[in-house]
>>> print(open('query_3.txt').read())   # compact mmCIF, C-alpha atoms and all ligand atoms
# COMPACT_ATOMS: atom_id res chain seq x y z
CA MET A 1 -1.89 30.24 27.95
CA GLU A 2 -1.68 29.10 31.50
CA LEU A 3 -1.12 25.33 31.80
CA MET A 4 -4.17 24.59 33.92
CA GLU A 5 -6.40 26.63 31.61
CA GLY A 6 -5.03 24.70 28.61
CA LEU A 7 -5.69 21.36 30.27
CA LEU A 8 -9.28 22.30 31.04
CA THR A 9 -10.17 23.97 27.73
CA ARG A 10 -8.44 21.84 25.05
CA ARG A 11 -11.04 20.24 22.84
CA SER A 12 -10.84 18.17 19.66
CA VAL A 13 -11.07 20.49 16.65
CA ARG A 14 -12.24 18.92 13.37
CA GLN A 15 -12.88 22.01 11.23
CA TYR A 16 -9.97 24.11 10.09
CA GLN A 17 -9.35 27.45 8.44
CA ASP A 18 -7.68 27.49 5.05
CA LYS A 19 -4.51 28.90 6.63
CA LYS A 20 -1.09 27.29 6.84
CA ILE A 21 0.65 26.79 10.15
CA ASP A 22 4.20 28.04 9.69
CA LYS A 23 7.15 25.72 10.25
CA GLU A 24 8.43 27.61 13.30
CA THR A 25 5.09 27.16 15.07
CA ILE A 26 5.02 23.44 14.24
CA LYS A 27 8.58 23.06 15.53
CA LYS A 28 7.67 24.88 18.75
CA ILE A 29 4.72 22.52 19.28
CA ILE A 30 6.83 19.43 18.60
CA LYS A 31 9.57 20.72 20.89
CA ALA A 32 7.04 20.76 23.73
CA ALA A 33 6.00 17.19 22.88
CA GLN A 34 9.64 16.12 22.93
CA HIS A 35 9.88 17.32 26.52
CA SER A 36 7.39 14.69 27.65
CA PRO A 37 8.37 12.06 30.17
CA SER A 38 9.27 8.64 28.77
CA ALA A 39 10.19 5.32 30.31
CA HIS A 40 13.89 5.35 31.17
CA ASN A 41 13.99 8.69 29.33
CA MET A 42 14.40 6.84 26.03
CA GLN A 43 12.36 9.43 24.07
CA PRO A 44 11.48 6.79 21.46
CA TRP A 45 9.29 9.08 19.32
CA GLU A 46 9.40 10.49 15.82
CA PHE A 47 7.04 13.07 14.36
CA LEU A 48 6.19 12.88 10.67
CA VAL A 49 4.78 16.23 9.54
CA ILE A 50 2.79 15.60 6.38
CA GLU A 51 1.43 18.44 4.27
CA ASP A 52 0.65 16.32 1.21
CA LYS A 53 -3.05 17.02 0.44
CA LYS A 54 -3.42 13.79 -1.50
CA PHE A 55 -2.28 11.76 1.50
CA MET A 56 -4.56 13.77 3.79
CA GLU A 57 -7.52 12.98 1.52
CA GLU A 58 -6.60 9.29 1.33
CA LEU A 59 -6.19 8.92 5.08
CA ARG A 60 -9.83 8.06 5.61
CA TYR A 61 -9.34 4.86 3.63
CA ILE A 62 -6.64 3.86 6.10
CA GLN A 63 -8.39 5.08 9.26
CA ARG A 64 -12.09 5.65 8.67
CA TRP A 65 -12.63 8.28 11.39
CA THR A 66 -10.23 10.80 9.84
CA SER A 67 -12.33 12.16 6.96
CA PHE A 68 -11.98 15.73 8.29
CA ALA A 69 -8.15 15.52 8.07
CA LYS A 70 -8.25 16.55 4.40
CA ASN A 71 -8.98 20.14 5.46
CA ALA A 72 -6.17 20.35 8.00
CA SER A 73 -3.03 22.38 7.44
CA CYS A 74 -0.94 19.28 8.11
CA VAL A 75 -1.16 15.88 9.73
CA VAL A 76 1.40 14.80 12.29
CA ILE A 77 1.92 11.07 12.60
CA VAL A 78 3.40 10.35 16.01
CA CYS A 79 5.54 7.22 15.69
CA GLY A 80 7.38 5.11 18.21
CA ASP A 81 10.76 3.53 17.55
CA THR A 82 10.45 0.04 18.98
CA ASP A 83 14.25 -0.38 18.89
CA LYS A 84 14.71 2.64 21.15
CA ALA A 85 11.82 2.23 23.60
CA PHE A 86 12.41 0.84 27.07
CA SER A 87 11.44 -2.81 26.54
CA ARG A 88 12.16 -6.39 27.58
CA ASP A 89 12.04 -9.49 25.46
CA LYS A 90 13.81 -12.27 27.29
CA ASP A 91 13.02 -15.23 29.50
CA ASP A 92 9.47 -14.84 30.76
CA GLU A 93 9.36 -11.06 30.30
CA LYS A 94 7.92 -9.46 27.19
CA TRP A 95 6.88 -5.83 27.32
CA THR A 96 7.50 -2.44 25.80
CA TYR A 97 6.69 1.10 26.85
CA VAL A 98 6.62 2.36 23.26
CA ASP A 99 2.88 3.08 23.13
CA VAL A 100 2.79 4.58 26.60
CA ASP A 101 5.59 7.01 25.72
CA CYS A 102 3.93 7.95 22.43
CA ALA A 103 0.56 8.52 24.13
CA ILE A 104 2.14 10.97 26.55
CA ALA A 105 3.96 12.78 23.74
CA THR A 106 0.73 12.96 21.76
CA GLN A 107 -1.13 14.56 24.64
CA SER A 108 1.69 17.09 25.02
CA LEU A 109 1.46 17.80 21.28
CA LEU A 110 -2.28 18.48 21.53
CA LEU A 111 -1.84 20.77 24.52
CA ALA A 112 1.10 22.67 23.04
CA ALA A 113 -0.85 23.19 19.83
CA TRP A 114 -3.82 24.48 21.81
CA ALA A 115 -1.55 26.94 23.60
CA GLU A 116 -0.45 28.21 20.17
CA GLY A 117 -4.04 28.64 18.98
CA VAL A 118 -3.82 25.53 16.79
CA GLY A 119 -6.64 22.99 16.77
CA THR A 120 -5.95 19.25 16.73
CA CYS A 121 -7.73 15.96 17.10
CA TYR A 122 -6.14 12.77 18.37
CA CYS A 123 -6.98 10.03 15.85
CA GLY A 124 -6.00 6.53 16.82
CA ALA A 125 -3.65 4.24 14.94
CA ALA A 126 -1.96 1.86 17.43
CA PRO A 127 -3.00 -0.56 18.79
CA MET A 128 -5.19 -1.19 15.70
CA GLN A 129 -2.70 -3.44 13.90
CA LYS A 130 -4.31 -3.14 10.44
CA ILE A 131 -4.00 0.64 10.63
CA VAL A 132 -0.45 0.49 11.93
CA ASP A 133 0.50 -1.81 9.04
CA ALA A 134 -1.34 0.25 6.41
CA LEU A 135 0.31 3.49 7.55
CA ARG A 136 3.72 1.85 7.68
CA GLU A 137 3.30 0.56 4.17
CA ARG A 138 1.88 3.82 2.75
CA LEU A 139 4.66 5.88 4.33
CA ASN A 140 7.34 3.34 3.56
CA LEU A 141 8.46 3.10 7.18
CA PRO A 142 10.85 0.45 8.48
CA GLU A 143 9.59 -2.31 10.80
CA ASN A 144 10.89 -0.61 13.94
CA ILE A 145 8.89 2.56 13.33
CA ARG A 146 5.39 2.10 14.71
CA PRO A 147 2.81 4.69 13.63
CA PHE A 148 1.02 5.42 16.88
CA ALA A 149 -1.35 8.35 16.40
CA ILE A 150 -2.61 10.57 13.60
CA VAL A 151 -2.98 14.23 14.55
CA PRO A 152 -4.56 16.62 12.01
CA MET A 153 -3.65 20.23 12.82
CA GLY A 154 -5.05 23.54 11.71
CA TYR A 155 -6.29 26.90 12.88
CA PRO A 156 -9.81 26.27 14.20
CA ALA A 157 -12.82 27.10 12.05
CA GLU A 158 -15.15 26.00 14.83
CA THR A 159 -15.45 26.63 18.53
CA PRO A 160 -16.02 23.17 19.95
CA LYS A 161 -18.56 23.02 22.72
CA GLN A 162 -17.00 22.75 26.13
CA PRO A 163 -18.34 19.65 27.85
CA ASP A 164 -20.18 19.63 31.10
CA ASP A 165 -17.75 19.48 33.95
CA ARG A 166 -15.93 16.12 33.69
CA TYR A 167 -14.81 16.27 37.26
CA ASP A 168 -16.11 13.16 38.98
CA GLU A 169 -15.47 12.99 42.65
CA SER A 170 -16.69 9.36 42.77
CA LYS A 171 -13.59 8.29 40.80
CA ILE A 172 -11.27 9.48 43.52
CA LYS A 173 -10.55 7.16 46.39
CA TRP A 174 -8.79 8.66 49.36
CA ILE A 175 -6.70 5.94 50.97
CA GLU A 176 -5.12 6.89 54.23
CA LYS A 177 -3.97 3.43 55.28
CA VAL A 178 -3.89 0.03 53.54
C1 LIG A 201 -7.03 7.00 21.57
C2 LIG A 201 -7.97 8.00 20.93
C3 LIG A 201 -8.39 7.79 19.64
C4 LIG A 201 -9.23 8.73 19.01
N1 LIG A 201 -9.57 8.53 17.70
C5 LIG A 201 -10.35 9.46 17.08
C6 LIG A 201 -10.64 9.32 15.70
O1 LIG A 201 -10.21 8.39 15.03
N2 LIG A 201 -11.40 10.27 15.11
C7 LIG A 201 -11.90 11.34 15.81
O2 LIG A 201 -12.60 12.17 15.20
N3 LIG A 201 -11.62 11.51 17.13
C8 LIG A 201 -10.86 10.60 17.78
N4 LIG A 201 -10.52 10.77 19.11
C9 LIG A 201 -10.96 11.98 19.81
C10 LIG A 201 -12.06 11.69 20.86
O3 LIG A 201 -13.28 11.42 20.20
C11 LIG A 201 -12.18 12.91 21.78
O4 LIG A 201 -10.95 13.13 22.42
C12 LIG A 201 -13.25 12.69 22.83
O5 LIG A 201 -14.54 12.66 22.23
C13 LIG A 201 -13.26 13.81 23.88
O6 LIG A 201 -13.41 15.07 23.28
P1 LIG A 201 -12.33 16.22 23.47
O7 LIG A 201 -11.06 15.78 22.83
O8 LIG A 201 -12.93 17.42 22.78
O9 LIG A 201 -12.15 16.45 24.94
C14 LIG A 201 -9.68 9.87 19.72
C15 LIG A 201 -9.20 10.08 21.02
C16 LIG A 201 -8.35 9.17 21.61
C17 LIG A 201 -7.82 9.46 23.00
>>> encode(input="query_3.txt", output="C-alpha cells")
Amino acid sequence: MELMEGLLTRRSVRQYQDKKIDKETIKKIIKAAQHSPSAHNMQPWEFLVIEDKKFMEELRYIQRWTSFAKNASCVVIVCGDTDKAFSRDKDDEKWTYVDVDCAIATQSLLLAAWAEGVGTCYCGAAPMQKIVDALRERLNLPENIRPFAIVPMGYPAETPKQPDDRYDESKIKWIEKV
C-alpha cells in the first residue's frame, strides 16, 4: 500500500475475523514501528504481544473502552522504558520524552498493520495513571516499564466508514515573516 493512501484510509477497526495473524506478519508490523523517530534516537519502546484470551477478556475491567479486544487475534501493549527515554531530572528541569516516542511508535504500528491488511484500534493507557498502574501490576512489569497504549489487532470483520474529509484549511497558518 502506498504510504499516502495508508495515511488517508487507516481507520480504527473494532470487529475482527476469527483468524490468527501469523508471527512473521506481527514481527513485520513491529519492525516498522521500531523504525519510528524518537528523541535522541533512544528507541525506548517495548512491544508486548499478548494472545492470552483470558487477559483479552479481562482488559475491559482495566480500561473500560476495550470491550471489543476480546475478539482480536492479539493485543499489543506498547510500553516505554523510562530508564532509556531521553529525559532530564535535575536542577529545575524535569521532563521525559517517553510518551511522545511511544505515541509515534504506536501510530507507525497502526499504519504498518493497515498496510498488511490488519485492523487495529489505538486504546489509551498513559497518561491515565490508574490504567498504567493496573496494567503494570497485571502484567508484572517493573517500575521503569510504562504501559503506554493498548492495540488490539485482527483481520477486519467490518469496513469502517471513511469520515468526511478531515482536511481543514482553517487550521493552517501560512507565516511568511514574523
Ligand atoms: C490517545 C487515543 C486513545 C484512544 N482510546 C480509545 C479507546 O480506549 N477505545 C476505542 O475504542 N478507541 C480509542 N481511540 C480511537 C479513537 O476513538 C479513534 O482514533 C477516533 O475516533 C478517530 O477514528 P479513526 O481512528 O477511525 O480515524 C483512541 C485514540 C487515541 C488517539
>>> residues_near_ligand(input="query_3.txt", ligand="ligand LIG 201 (chain A)", cutoff="10 Å", atoms="all atoms listed in the file", output="ChimeraX atom specification")
/A:7-14,60,63-69,103,106-107,110,120-127,148-152,160-163,166
>>> residues_around(input="query_3.txt", residues="range 43-45 of chain A", least_positions_apart="2", cutoff="7 Å", atoms="all atoms listed in the file", output="VMD selection string")
chain A and resid 38 41 47 78 to 81 84 to 85 98 102
>>> write_last_selection(input="query_3.txt", atoms="C-alpha atoms", output="PDB file, in the frame of the given file")
ATOM      1  CA  SER A  38       9.270   8.640  28.770  1.00  0.00           C
ATOM      2  CA  ASN A  41      13.990   8.690  29.330  1.00  0.00           C
ATOM      3  CA  PHE A  47       7.040  13.070  14.360  1.00  0.00           C
ATOM      4  CA  VAL A  78       3.400  10.350  16.010  1.00  0.00           C
ATOM      5  CA  CYS A  79       5.540   7.220  15.690  1.00  0.00           C
ATOM      6  CA  GLY A  80       7.380   5.110  18.210  1.00  0.00           C
ATOM      7  CA  ASP A  81      10.760   3.530  17.550  1.00  0.00           C
ATOM      8  CA  LYS A  84      14.710   2.640  21.150  1.00  0.00           C
ATOM      9  CA  ALA A  85      11.820   2.230  23.600  1.00  0.00           C
ATOM     10  CA  VAL A  98       6.620   2.360  23.260  1.00  0.00           C
ATOM     11  CA  CYS A 102       3.930   7.950  22.430  1.00  0.00           C
TER      12      CYS A 102
END
>>> atom_distance(input="query_3.txt", atom1="CA of Ser73 in chain A", atom2="CA of Glu51 in chain A")
6.7 Å
>>> residues_around(input="query_3.txt", residues="Ser87 in chain A", least_positions_apart="6", cutoff="12 Å", atoms="all atoms listed in the file", output="ChimeraX atom specification")
/A:38-40,42,44,81,93-101
>>> atom_distance(input="query_3.txt", atom1="CA of Ile30 in chain A", atom2="CA of Glu116 in chain A")
11.5 Å
>>> atom_distance(input="query_3.txt", atom1="CA of Ala105 in chain A", atom2="CA of Gln34 in chain A")
6.6 Å
>>> closest_residue(input="query_3.txt", among="A:Met128, A:Val49, A:Leu139, A:Ile62", to="Ile21 in chain A", atoms="all atoms listed in the file")
A:Val49
>>> closest_residue(input="query_3.txt", among="A:Ile172, A:Val178, A:Leu59, A:Ala113", to="Pro156 in chain A", atoms="only C-alpha atoms")
A:Ala113
